[in-house]
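J.: Can you read through this structure? Questions will come right after.
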Amino acid sequence: MNLNASEQSAELFRQIVVPHLPDALALARWLTGSVHDAEDVVQEASIRAFKAIESYEGRGPRPWLLSIVRNTCFTWLAKNRPKEIVLAGTSAEMDETEIGLQEDPRLDPEADLIRKADMAAIESAVGVLPRIYREVLILHDINDLSYKEIAAMLSIPIGTVMSRLSRARGQIAAHIEQAAS
Amino acid sequence: MTEVSSSEYLLLHALADGELDAAAAMSLEARLAADPVLAAEYARILAVKERTKALGKPTVSPDFAARIAAITSDAKSTSARPQARILSFDHPSWRALAASVVLTAFAASGGTYLLSSAPHYDFSVEDQVANDHHRSLLATSPIDVVSTDRHTVKPWLDQKLGMSPPTADLSAAGFPACRRPCRCRRGRRCPDTRLWAPEAFDFGCCDPAQGRRDAKRRAGFQDGRWLQHGRLDGERF
């Protein structure tokens, strides 16, 4: 079957992008904080992905698409919520987080309490995480990317992925414990 | 029962996420079985992970799916192929073509030079043993996977975190230990392959500036000595 370039791009788009739209929506939802905004961001990211579909190298469609979604999210945040993008991940915020973790590094809530926590509490806990922790948590626990894929996608060492993920989970546990007490 | 250190805490997360290689996972699981504090911490990590995963992914609504599908149809309808241009000799494309020919010739001659003068590595038995050992640490399974396709790089060998295996001190049992652990080989870092005799192997430091390796075979065993500044720096059988 002979396909012209436009049809080939459309076919590639259907194979590479469309199956991973739920992953793209999940990442955009947690980076923007809104399902409706997430749809706008993913639509824009899909347009970018379609334009760049020929440059896809075949090294895993999901990390490739999620990288585009992440970049589109930051562009969208810078345009629509400039204060938020400036504040996310500043040194002051990081210091505050570090201090909180140093006081109680493992934030020792009971496993049963965490298991019984309702969905709203978990969503609230994830929503208040610093952006750099939240994106690693979502990429791993929701999007099912491996440590190596996340490290390559964010251009950070694997050790940083591990520490951000553990701190994100520690803060979620602390949030749930606080909410329960 | 011990306090959980920060590095152990990170490893517990890696174990919960299935990111550790087989050797590191087995070692940590053995510790979990023997240490209730560690086991409780692991249970908490699993609980948080389980709850976070339960958040799930949003479903794609039909309306949104239609918006995405429209991207390809819009592009199809608006894409107009540019008409072929008639190129004159003084058109810039001819200059670009000439430049590309020159660049191709340069690259081809450079590549030929590199191929003809590139160093040829002679992979010895020691290299193969070290490579096999390194690969075994990265495998998801502690057993070999039988394969007839030997020249394909297996993806499962590159999915786990490479961790150095714990080294037991057998010197009290009469097994001499080498003084210098293997930290690098031909400029590459590799897991600590320091083991104890008689089944041990160690390749010392490969950096000529730091030491000189003088290895020979004796009765089927590898006999290695490392000299630095004229004195014996390490010995291995």
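How things are named: the first chain in the structure tokens is A, the next is B, and so on; residues count from 1 in each chain; ligands count from 1 in the order shown.
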Only residues of chain B matter here; which ones have an atom within 6 Å of chain A, counting only C-alpha atoms? Give them as a list in words.
T.: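 In the required form, that comes to Arg44, Ala47, Lys53, Lys57, Pro58 and Thr72 of chain B.
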J.: Just want the 9 Å neighbourhood of Val4 in chain B, counted on only C-alpha atoms, with same-chain residues fewer than 3 positions away dropped. Output as a short mmCIF file (atom, residue, chain, number, x, y, z; two decimals) with N, CA, C and O atoms, in the first residue's frame.
T.:
data_model
loop_
_atom_site.label_atom_id
_atom_site.label_comp_id
_atom_site.auth_asym_id
_atom_site.auth_seq_id
_atom_site.Cartn_x
_atom_site.Cartn_y
_atom_site.Cartn_z
N ARG A 106 12.05 10.19 57.44
CA ARG A 106 11.24 9.10 56.91
C ARG A 106 9.75 9.28 57.17
O ARG A 106 8.96 8.50 56.69
N SER B 7 20.46 6.13 52.61
CA SER B 7 20.76 5.36 51.40
C SER B 7 19.91 4.08 51.36
O SER B 7 19.43 3.68 50.29
N GLU B 8 19.71 3.47 52.53
CA GLU B 8 18.84 2.29 52.57
C GLU B 8 17.40 2.67 52.22
O GLU B 8 16.68 1.91 51.57
N TYR B 9 17.02 3.86 52.66
CA TYR B 9 15.67 4.34 52.37
C TYR B 9 15.46 4.46 50.86
O TYR B 9 14.42 4.05 50.32
N VAL B 37 12.24 -3.19 61.53
CA VAL B 37 12.18 -1.74 61.28
C VAL B 37 12.21 -1.47 59.78
O VAL B 37 11.43 -0.69 59.24
N LEU B 38 13.13 -2.16 59.13
CA LEU B 38 13.26 -2.01 57.68
C LEU B 38 11.99 -2.51 56.98
O LEU B 38 11.50 -1.89 56.03
N GLU B 41 9.20 0.01 57.32
CA GLU B 41 9.43 1.14 56.41
C GLU B 41 9.05 0.75 54.98
O GLU B 41 8.43 1.53 54.24
#
J.: Please compute the CA of His134 in chain B-CA of Gly18 in chain B distance, one decimal, in Å.
T.: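 Between CA of His134 in chain B and CA of Gly18 in chain B the gap is 18.9 Å.
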J.: For each of B:Gly56, B:Ile68, B:His133, B:Val102, take the minimum atom-to-atom distance to Trp30 in chain A, counting only C-alpha atoms, then give the residue where this is smallest.
T.: B:Gly56
J.: Let me make sure I understand: among B:Leu11, B:Val48, B:Ala43, B:Ala16, which one has the smallest atom-to-atom distance to Ala121 in chain A if we use only C-alpha atoms?
T.: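 When distances to Ala121 in chain A are compared using only C-alpha atoms, the smallest one comes from B:Val48.
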J.: What does the distance from CA of Thr59 in chain B to CA of His20 in chain A come to in Å, to one decimal?
T.: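 CA of His20 in chain A lies 11.0 Å from CA of Thr59 in chain B.
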J.: Could you please determine the separation between CA of Gln171 in chain A and CA of Leu10 in chain B in Å, to one decimal place?
T.: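 One can read the CA of Gln171 in chain A to CA of Leu10 in chain B distance as 14.5 Å.
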J.: Pick from A:Glu135, A:Leu12, A:Leu145, A:Pro19: nearest to Cys73 in chain A, with only C-alpha atoms counted?
T.: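 With only C-alpha atoms as the atom set, the closest residue is A:Glu135.
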